[in-house]
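*Asks:* What follows is start.cif, mmCIF, C-alpha atoms.
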data_query
#
loop_
_atom_site.label_atom_id
_atom_site.label_comp_id
_atom_site.auth_asym_id
_atom_site.auth_seq_id
_atom_site.Cartn_x
_atom_site.Cartn_y
_atom_site.Cartn_z
CA MET O 754 12.29 -42.24 -137.36
CA THR O 755 12.34 -45.58 -135.70
CA LEU O 756 16.06 -45.71 -136.31
CA LEU O 757 16.63 -42.89 -133.85
CA ALA O 758 15.53 -45.09 -130.98
CA ASP O 759 17.78 -47.90 -132.02
CA THR O 760 21.27 -48.61 -130.65
CA PRO O 761 23.80 -46.48 -132.51
CA ARG O 762 25.54 -48.51 -135.18
CA THR O 763 28.90 -47.17 -134.09
CA TRP O 764 28.66 -48.98 -130.76
CA PRO O 765 30.59 -52.22 -130.52
CA ASP O 766 28.59 -55.41 -130.29
CA PRO O 767 28.20 -56.37 -126.62
CA VAL O 768 29.75 -59.60 -125.47
CA SER O 769 27.00 -62.12 -124.92
CA ILE O 770 26.62 -63.22 -121.29
CA SER O 771 25.35 -66.61 -120.34
CA THR O 772 22.15 -66.91 -118.31
CA LEU O 773 24.11 -68.49 -115.48
CA LYS O 774 26.36 -65.46 -115.25
CA VAL O 775 23.38 -63.11 -115.30
CA LEU O 776 21.80 -65.08 -112.47
CA ALA O 777 25.03 -65.00 -110.53
CA ILE O 778 25.28 -61.25 -110.83
CA PHE O 779 21.69 -60.22 -110.30
CA ALA O 780 20.63 -62.92 -107.83
CA GLY O 781 23.83 -64.35 -106.38
CA ILE O 782 25.44 -61.10 -105.25
CA PRO O 783 22.30 -59.73 -103.54
CA LEU O 784 21.81 -63.10 -101.88
CA LEU O 785 25.39 -63.04 -100.67
CA VAL O 786 24.89 -59.55 -99.23
CA ILE O 787 21.68 -60.65 -97.54
CA ILE O 788 23.38 -63.68 -96.00
CA ILE O 789 26.33 -61.63 -94.74
CA VAL O 790 24.08 -58.99 -93.16
CA SER O 791 21.87 -61.68 -91.60
CA LEU O 792 24.92 -63.39 -90.13
CA LEU O 793 26.18 -60.12 -88.70
CA VAL O 794 22.82 -59.59 -87.05
CA LEU O 795 22.28 -63.13 -85.76
CA ALA O 796 25.84 -64.12 -84.80
CA PRO O 797 25.95 -62.21 -81.48
CA GLY O 798 22.78 -63.98 -80.41
CA TRP O 799 24.26 -67.36 -81.24
CA VAL O 800 27.39 -66.57 -79.32
CA LYS O 801 25.59 -65.15 -76.29
CA GLY O 802 22.90 -67.81 -76.27
CA PRO O 803 19.16 -67.41 -75.77
CA ARG O 804 18.33 -64.08 -74.27
CA TYR O 805 15.87 -63.55 -71.49
CA ARG O 806 13.07 -61.23 -72.50
CA PRO O 807 10.96 -59.84 -69.66
CA GLY O 808 7.31 -60.65 -70.11
CA LEU O 809 7.80 -63.78 -72.15
CA PRO O 810 7.24 -67.14 -70.43
CA TRP O 811 10.31 -68.80 -68.94
CA GLU O 812 10.47 -72.48 -69.78
CA ALA O 813 14.07 -73.29 -68.97
CA ASP O 814 14.85 -75.75 -66.20
CA ASN O 815 15.70 -74.40 -62.76
CA VAL O 816 19.40 -73.79 -62.33
CA TRP O 817 21.26 -73.86 -59.03
CA PHE O 818 24.60 -72.25 -58.26
CA GLY O 819 26.65 -72.23 -55.09
CA VAL O 820 26.25 -74.13 -51.84
CA GLY O 821 23.59 -76.68 -51.11
CA VAL O 822 23.16 -78.13 -54.57
CA GLY O 823 21.88 -81.26 -52.90
CA ALA O 824 19.01 -79.32 -51.36
CA ARG O 825 17.56 -78.44 -54.74
CA PRO O 826 15.55 -81.50 -55.85
CA GLU O 827 13.40 -81.71 -52.71
CA ALA O 828 12.76 -77.98 -52.95
CA ALA O 829 11.63 -78.40 -56.52
CA THR O 830 9.32 -81.19 -55.43
CA ASP O 831 7.88 -78.99 -52.72
CA ALA O 832 7.39 -76.18 -55.19
CA ALA O 833 5.58 -78.53 -57.51
CA THR O 834 3.47 -79.67 -54.59
CA VAL O 835 2.55 -76.13 -53.67
CA ASP O 836 1.81 -75.27 -57.29
CA ALA O 837 -0.43 -78.25 -57.72
CA GLY O 838 -2.39 -77.28 -54.62
CA ARG O 839 -1.78 -80.63 -52.96
CA PRO O 840 -0.93 -80.96 -49.25
CA ALA O 841 2.54 -79.68 -48.43
CA GLY O 842 5.38 -82.12 -47.85
CA PRO O 843 7.00 -82.64 -44.47
CA ALA O 844 9.72 -80.06 -45.10
CA GLU O 845 7.14 -77.44 -46.03
CA THR O 846 5.15 -78.27 -42.92
CA ALA O 847 8.29 -77.86 -40.83
CA ALA O 848 8.90 -74.46 -42.41
CA SER O 849 5.34 -73.45 -41.56
CA ALA O 850 5.85 -74.64 -37.99
CA ASP O 851 8.99 -72.50 -37.78
CA THR O 852 7.00 -69.56 -38.99
CA ALA O 853 4.37 -70.14 -36.35
CA ASP O 854 7.02 -70.42 -33.63
CA ALA O 855 8.75 -67.25 -34.72
CA GLY O 856 5.77 -65.05 -34.15
CA PRO O 857 2.36 -64.20 -35.53
CA PRO O 858 2.70 -63.95 -39.29
CA GLY O 859 0.72 -61.34 -41.15
CA PRO O 860 -2.41 -62.14 -43.10
CA SER O 861 -0.33 -62.57 -46.24
CA ALA O 862 3.38 -63.12 -46.88
CA PRO O 863 5.11 -60.30 -45.06
CA SER O 864 7.39 -58.13 -47.16
CA GLY O 865 11.03 -57.43 -46.40
CA ALA O 866 10.12 -54.03 -45.01
CA THR O 867 7.63 -55.58 -42.60
CA ARG O 868 10.24 -58.00 -41.43
CA ALA O 869 12.77 -55.21 -41.01
CA ALA O 870 10.39 -53.52 -38.59
CA HIS O 871 9.89 -56.73 -36.61
CA PRO O 872 13.21 -58.53 -36.35
CA ASP O 873 12.62 -62.12 -35.32
CA GLN O 874 13.96 -65.58 -35.99
CA ARG O 875 12.86 -65.57 -39.61
CA PRO O 876 15.54 -64.99 -42.20
CA GLY O 877 16.01 -61.47 -43.48
CA GLY O 878 16.51 -60.19 -46.96
CA ALA O 879 14.49 -58.35 -49.54
CA SER O 880 12.00 -58.89 -52.33
CA ALA O 881 11.71 -57.16 -55.65
CA GLY O 882 9.98 -57.49 -58.98
CA TRP O 883 10.44 -55.97 -62.39
CA MET Z 938 13.17 -68.14 -73.81
CA PRO Z 939 13.13 -71.60 -75.31
CA GLY Z 940 13.04 -74.64 -73.07
CA GLY Z 941 16.27 -76.28 -71.97
CA GLU Z 942 19.28 -74.41 -70.75
CA ALA Z 943 18.84 -71.02 -69.13
CA PHE Z 944 22.47 -69.97 -69.47
CA THR Z 945 25.35 -70.61 -71.80
CA ASP Z 946 28.53 -72.15 -70.44
CA ALA Z 947 30.21 -68.75 -70.40
CA GLN Z 948 27.34 -67.24 -68.44
CA ARG Z 949 27.39 -70.11 -65.97
CA GLN Z 950 31.09 -69.62 -65.45
CA ASP Z 951 30.56 -65.92 -64.83
CA ILE Z 952 27.97 -66.67 -62.15
CA VAL Z 953 30.05 -69.41 -60.55
CA ARG Z 954 33.03 -67.06 -60.46
CA ALA Z 955 30.90 -64.30 -58.95
CA ILE Z 956 29.75 -66.66 -56.20
CA ALA Z 957 33.30 -67.78 -55.47
CA ASP Z 958 34.46 -64.15 -55.30
CA ALA Z 959 31.53 -63.19 -53.07
CA GLU Z 960 32.27 -66.04 -50.67
CA ARG Z 961 35.95 -65.15 -50.57
CA VAL Z 962 35.24 -61.46 -49.94
CA SER Z 963 32.50 -61.84 -47.35
CA GLY Z 964 33.06 -65.24 -45.78
CA TRP Z 965 29.37 -66.14 -46.10
CA ALA Z 966 28.00 -68.99 -48.18
CA PHE Z 967 26.07 -68.01 -51.29
CA ALA Z 968 23.44 -69.91 -53.27
CA VAL Z 969 21.61 -68.78 -56.38
CA GLU Z 970 18.59 -70.36 -57.97
CA VAL Z 971 17.16 -69.22 -61.28
CA GLY Z 972 13.87 -70.72 -62.32
CA ALA Z 973 10.24 -71.18 -61.53
CA SER Z 974 9.25 -70.60 -57.90
CA SER Z 975 5.88 -71.25 -56.35
CA ALA Z 976 2.79 -69.08 -55.95
CA GLU Z 977 4.47 -67.46 -52.97
CA PRO Z 978 8.03 -66.66 -54.09
CA ARG Z 979 9.09 -65.44 -50.64
CA GLN Z 980 8.01 -68.61 -48.89
CA TYR Z 981 9.56 -70.69 -51.62
CA ALA Z 982 12.87 -68.84 -51.27
CA GLU Z 983 12.82 -69.10 -47.47
CA ALA Z 984 12.13 -72.82 -47.70
CA LEU Z 985 15.10 -73.19 -50.03
CA HIS Z 986 17.25 -71.14 -47.68
CA ALA Z 987 16.22 -73.26 -44.69
CA ARG Z 988 17.49 -76.32 -46.51
CA LEU Z 989 20.98 -74.98 -47.11
CA PRO Z 990 23.80 -76.68 -45.18
CA ASP Z 991 24.30 -73.67 -42.86
CA PRO Z 992 21.30 -71.33 -43.25
CA ALA Z 993 22.38 -68.88 -40.56
CA ARG Z 994 25.58 -68.10 -42.46
CA SER Z 995 24.11 -68.26 -45.96
CA ILE Z 996 22.66 -65.83 -48.46
CA LEU Z 997 20.22 -67.17 -51.01
CA VAL Z 998 19.19 -65.37 -54.18
CA GLN Z 999 16.13 -66.72 -55.96
CA VAL Z 1000 15.16 -65.31 -59.34
CA ASP Z 1001 11.99 -66.33 -61.11
CA PRO Z 1002 12.26 -64.87 -64.63
CA GLY Z 1003 8.76 -66.04 -65.53
CA ARG Z 1004 7.04 -64.32 -62.61
CA ARG Z 1005 9.64 -61.57 -62.62
CA THR Z 1006 10.34 -61.89 -58.92
CA LEU Z 1007 13.60 -61.60 -57.04
CA GLU Z 1008 14.10 -62.82 -53.49
CA ILE Z 1009 17.16 -62.30 -51.35
CA VAL Z 1010 17.18 -64.37 -48.17
CA THR Z 1011 19.80 -63.78 -45.49
CA GLY Z 1012 20.54 -65.95 -42.48
CA ASP Z 1013 20.49 -64.80 -38.86
CA GLN Z 1014 24.22 -64.24 -38.66
CA VAL Z 1015 24.43 -62.61 -42.06
CA ARG Z 1016 21.72 -60.16 -41.05
CA ARG Z 1017 24.02 -58.68 -38.42
CA THR Z 1018 26.16 -57.17 -41.18
CA LEU Z 1019 23.66 -57.06 -44.04
CA ASP Z 1020 20.40 -55.56 -42.89
CA ASN Z 1021 17.20 -55.77 -44.90
CA ARG Z 1022 17.55 -52.20 -46.07
CA SER Z 1023 20.92 -52.93 -47.67
CA ALA Z 1024 19.56 -56.11 -49.19
CA GLY Z 1025 16.71 -54.07 -50.63
CA LEU Z 1026 19.16 -51.66 -52.24
CA VAL Z 1027 20.97 -54.58 -53.86
CA ALA Z 1028 17.64 -55.96 -55.05
CA VAL Z 1029 16.85 -52.64 -56.72
CA ALA Z 1030 20.20 -52.70 -58.49
CA MET Z 1031 19.63 -56.26 -59.65
CA GLN Z 1032 16.11 -55.66 -60.88
CA GLY Z 1033 17.40 -52.96 -63.21
CA SER Z 1034 19.54 -55.49 -65.07
CA PHE Z 1035 16.77 -58.08 -65.02
CA ALA Z 1036 14.28 -55.61 -66.50
CA ALA Z 1037 16.77 -54.98 -69.29
CA GLY Z 1038 16.88 -58.73 -69.98
CA ASP Z 1039 20.38 -59.38 -68.63
CA LEU Z 1040 20.08 -62.04 -65.94
CA THR Z 1041 23.80 -62.79 -65.77
CA ARG Z 1042 24.84 -59.20 -65.23
CA GLY Z 1043 22.12 -58.70 -62.63
CA LEU Z 1044 23.25 -61.76 -60.71
CA THR Z 1045 26.97 -61.03 -60.86
CA THR Z 1046 26.65 -57.39 -59.83
CA GLY Z 1047 24.14 -58.32 -57.15
CA LEU Z 1048 26.47 -60.95 -55.72
CA GLN Z 1049 29.34 -58.46 -55.69
CA GLN Z 1050 27.26 -55.90 -53.85
CA LEU Z 1051 25.88 -58.43 -51.38
CA ALA Z 1052 29.40 -59.57 -50.61
CA ALA Z 1053 30.71 -56.03 -50.22
CA LEU Z 1054 27.85 -54.94 -47.99
CA SER Z 1055 27.85 -58.07 -45.84
CA ARG Z 1056 31.60 -58.10 -45.32
CA GLY Z 1057 31.38 -56.06 -42.16
CA ALA Z 1058 33.87 -53.60 -40.80
CA THR Z 1059 37.52 -54.50 -41.08
CA SER Z 1060 39.26 -54.79 -37.74
CA LEU Z 1061 42.39 -52.67 -37.67
CA HIS Z 1062 43.70 -53.83 -34.31
CA THR Z 1063 44.02 -57.57 -34.67
CA ASP Z 1064 47.82 -57.39 -34.39
CA THR Z 1065 47.82 -55.26 -31.28
CA PRO Z 1066 48.68 -57.28 -28.16
#
Show me the file's structure as structure tokens.
*Replies:*
Amino acid sequence: MTLLADTPRTWPDPVSISTLKVLAIFAGIPLLVIIIVSLLVLAPGWVKGPRYRPGLPWEADNVWFGVGVGARPEAATDAATVDAGRPAGPAETAASADTADAGPPGPSAPSGATRAAHPDQRPGGASAGW
Amino acid sequence: MPGGEAFTDAQRQDIVRAIADAERVSGWAFAVEVGASSAEPRQYAEALHARLPDPARSILVQVDPGRRTLEIVTGDQVRRTLDNRSAGLVAVAMQGSFAAGDLTRGLTTGLQQLAALSRGATSLHTDTP
């Protein structure tokens, strides 16, 4: 009865395959497929560069485009000064003086809409967040 | 966003081209800063704007991706053609792209719209004696 479960004798003897070949077929090909799929997924990101994701911290250096590139470093220094809570630099003080001259500022930073209702010497524009 | 560069070279070129186009179309000077602002983004942006070579004829766009704030600052002369309401509409359009994580597209489309809206009416009678 045990013979029934055996390989039929009429079948030809299989060609013996080396371990290396077995590995190549059962491990190499899946690996190759995995690598190709991973590349297809990751390549656009490499080409486009690091993507901004809202909500995650932004650690890249400040970038400036357009006119007034020379104005940037002092501004950055002022920003650092404000952030650190130290006394404002002379430029910042001048800006505050301008604000005082232009009219009575609100209790907090006035929004664009507030400024639209009270046109004065301050620059216009708009604010938004996301 | 890892530390270091905020934009790839291609993205930088797109933004630089958008600024050049905006200046050509509108005649105003444009400046864009992307990066950390201060605790008061509006004051920070206005201080930056005040330090531009010709603030009255300049439009500054400040984007702080970390705080998720966008500030558009327009000079006195620019405000004659681009009122705060129009600037607010552009800001809304830009914030849509920013919320989707595409800073470059938000900036380029915003610059285009700012330029188009601040261009002012075209005079049709300049050749008439």
*Asks:* Hey, which bits of chain Z sit within 7 Å of chain O, and for each residue what's the closest pair of atoms and how far apart in Å (one decimal), counting only C-alpha atoms, rows by chain and increasing number, as a Markdown table?
*Replies:*
| residue | atom | partner | partner_atom | distance |
| --- | --- | --- | --- | --- |
| Z:Met938 | CA | O:Trp811 | CA | 5.7 |
| Z:Pro939 | CA | O:Glu812 | CA | 6.2 |
| Z:Gly940 | CA | O:Ala813 | CA | 4.4 |
| Z:Gly941 | CA | O:Ala813 | CA | 4.8 |
| Z:Glu942 | CA | O:Ala813 | CA | 5.6 |
| Z:Ala943 | CA | O:Ala813 | CA | 5.3 |
| Z:Thr945 | CA | O:Gly802 | CA | 5.8 |
| Z:Val953 | CA | O:Phe818 | CA | 6.6 |
| Z:Ile956 | CA | O:Gly819 | CA | 6.5 |
| Z:Ala966 | CA | O:Val820 | CA | 6.5 |
| Z:Phe967 | CA | O:Gly819 | CA | 5.7 |
| Z:Ala968 | CA | O:Gly819 | CA | 4.4 |
| Z:Val969 | CA | O:Phe818 | CA | 5.0 |
| Z:Glu970 | CA | O:Trp817 | CA | 4.5 |
| Z:Val971 | CA | O:Val816 | CA | 5.2 |
| Z:Gly972 | CA | O:Asn815 | CA | 4.1 |
| Z:Ala973 | CA | O:Asn815 | CA | 6.5 |
| Z:Ser974 | CA | O:Ala832 | CA | 6.5 |
| Z:Ser975 | CA | O:Ala832 | CA | 5.3 |
| Z:Ala976 | CA | O:Asp836 | CA | 6.4 |
| Z:Tyr981 | CA | O:Ala832 | CA | 6.9 |
| Z:Ala984 | CA | O:Ala848 | CA | 6.4 |
| Z:Leu985 | CA | O:Ala828 | CA | 6.1 |
| Z:Arg988 | CA | O:Ala824 | CA | 5.9 |
| Z:Leu989 | CA | O:Gly821 | CA | 5.1 |
| Z:Pro990 | CA | O:Gly821 | CA | 5.9 |
| Z:Pro1002 | CA | O:Trp811 | CA | 6.2 |
| Z:Gly1003 | CA | O:Trp811 | CA | 4.7 |
| Z:Arg1005 | CA | O:Gly882 | CA | 5.5 |
| Z:Thr1006 | CA | O:Gly882 | CA | 4.4 |
| Z:Leu1007 | CA | O:Ala881 | CA | 5.0 |
| Z:Glu1008 | CA | O:Ser880 | CA | 4.6 |
| Z:Ile1009 | CA | O:Gly878 | CA | 4.9 |
| Z:Val1010 | CA | O:Gly878 | CA | 4.4 |
| Z:Thr1011 | CA | O:Gly877 | CA | 4.9 |
| Z:Gly1012 | CA | O:Pro876 | CA | 5.1 |
| Z:Asp1013 | CA | O:Pro876 | CA | 6.0 |
| Z:Arg1016 | CA | O:Gly877 | CA | 6.3 |
| Z:Asn1021 | CA | O:Gly878 | CA | 4.9 |
| Z:Ala1024 | CA | O:Ala879 | CA | 5.6 |
| Z:Gly1025 | CA | O:Ala879 | CA | 4.9 |
| Z:Ala1028 | CA | O:Ala881 | CA | 6.1 |
| Z:Val1029 | CA | O:Ala881 | CA | 6.9 |
| Z:Gln1032 | CA | O:Trp883 | CA | 5.9 |
| Z:Ala1036 | CA | O:Trp883 | CA | 5.6 |
| Z:Gly1038 | CA | O:Tyr805 | CA | 5.2 |
| Z:Asp1039 | CA | O:Tyr805 | CA | 6.8 |
*Asks:* Hey, which of Z:Arg1042, Z:Arg1004, Z:Arg1056, Z:His1062 ends up closest to Asp951 (chain Z)? Count all atoms listed in the file.
*Replies:*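 For Asp951 (chain Z), the nearest of the candidates is Z:Arg1042.
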*Asks:* Go ahead and compute the interatomic distance for CA of Gly1033 (chain Z) and CA of Thr1046 (chain Z), in Å to one decimal.
*Replies:*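 Straight-line distance from CA of Gly1033 (chain Z) to CA of Thr1046 (chain Z) works out to 10.8 Å.
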*Asks:* If the PyMOL selection byres ((chain Z and resi 1050) around 10) were run on this exact file, what residues would it hold? Put them as a ChimeraX atom specification.
*Replies:* /Z:959,1023-1024,1026-1028,1030-1031,1044-1049,1051-1056
*Asks:* Please write the residues from the selection above to a file, keeping C-alpha atoms, as a compact mmCIF listing (two decimals), in the coordinates of the input.
*Replies:*
# COMPACT_ATOMS: atom_id res chain seq x y z
CA ALA Z 959 31.53 -63.19 -53.07
CA SER Z 1023 20.92 -52.93 -47.67
CA ALA Z 1024 19.56 -56.11 -49.19
CA LEU Z 1026 19.16 -51.66 -52.24
CA VAL Z 1027 20.97 -54.58 -53.86
CA ALA Z 1028 17.64 -55.96 -55.05
CA ALA Z 1030 20.20 -52.70 -58.49
CA MET Z 1031 19.63 -56.26 -59.65
CA LEU Z 1044 23.25 -61.76 -60.71
CA THR Z 1045 26.97 -61.03 -60.86
CA THR Z 1046 26.65 -57.39 -59.83
CA GLY Z 1047 24.14 -58.32 -57.15
CA LEU Z 1048 26.47 -60.95 -55.72
CA GLN Z 1049 29.34 -58.46 -55.69
CA LEU Z 1051 25.88 -58.43 -51.38
CA ALA Z 1052 29.40 -59.57 -50.61
CA ALA Z 1053 30.71 -56.03 -50.22
CA LEU Z 1054 27.85 -54.94 -47.99
CA SER Z 1055 27.85 -58.07 -45.84
CA ARG Z 1056 31.60 -58.10 -45.32
*Asks:* So the first atom is CA of Pro783 (chain O) and the second is CA of Pro767 (chain O); what is the distance between them in Å, to one decimal place?
*Replies:*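 Value for the CA of Pro783 (chain O)-CA of Pro767 (chain O) distance: 24.1 Å.
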*Asks:* Taking every listed atom of region 1039-1045 of chain Z and adding 3 Å to each side, what centre and edge lengths in Å (one decimal) does the axis-aligned box have, as JSON?
*Replies:*
{"center_x": 23.5, "center_y": -60.7, "center_z": -64.7, "size_x": 12.9, "size_y": 10.1, "size_z": 13.9}
*Asks:* Record the distance separating CA of Asp991 (chain Z) and CA of Ser963 (chain Z), expressed in Å with one decimal.
*Replies:* 15.1 Å
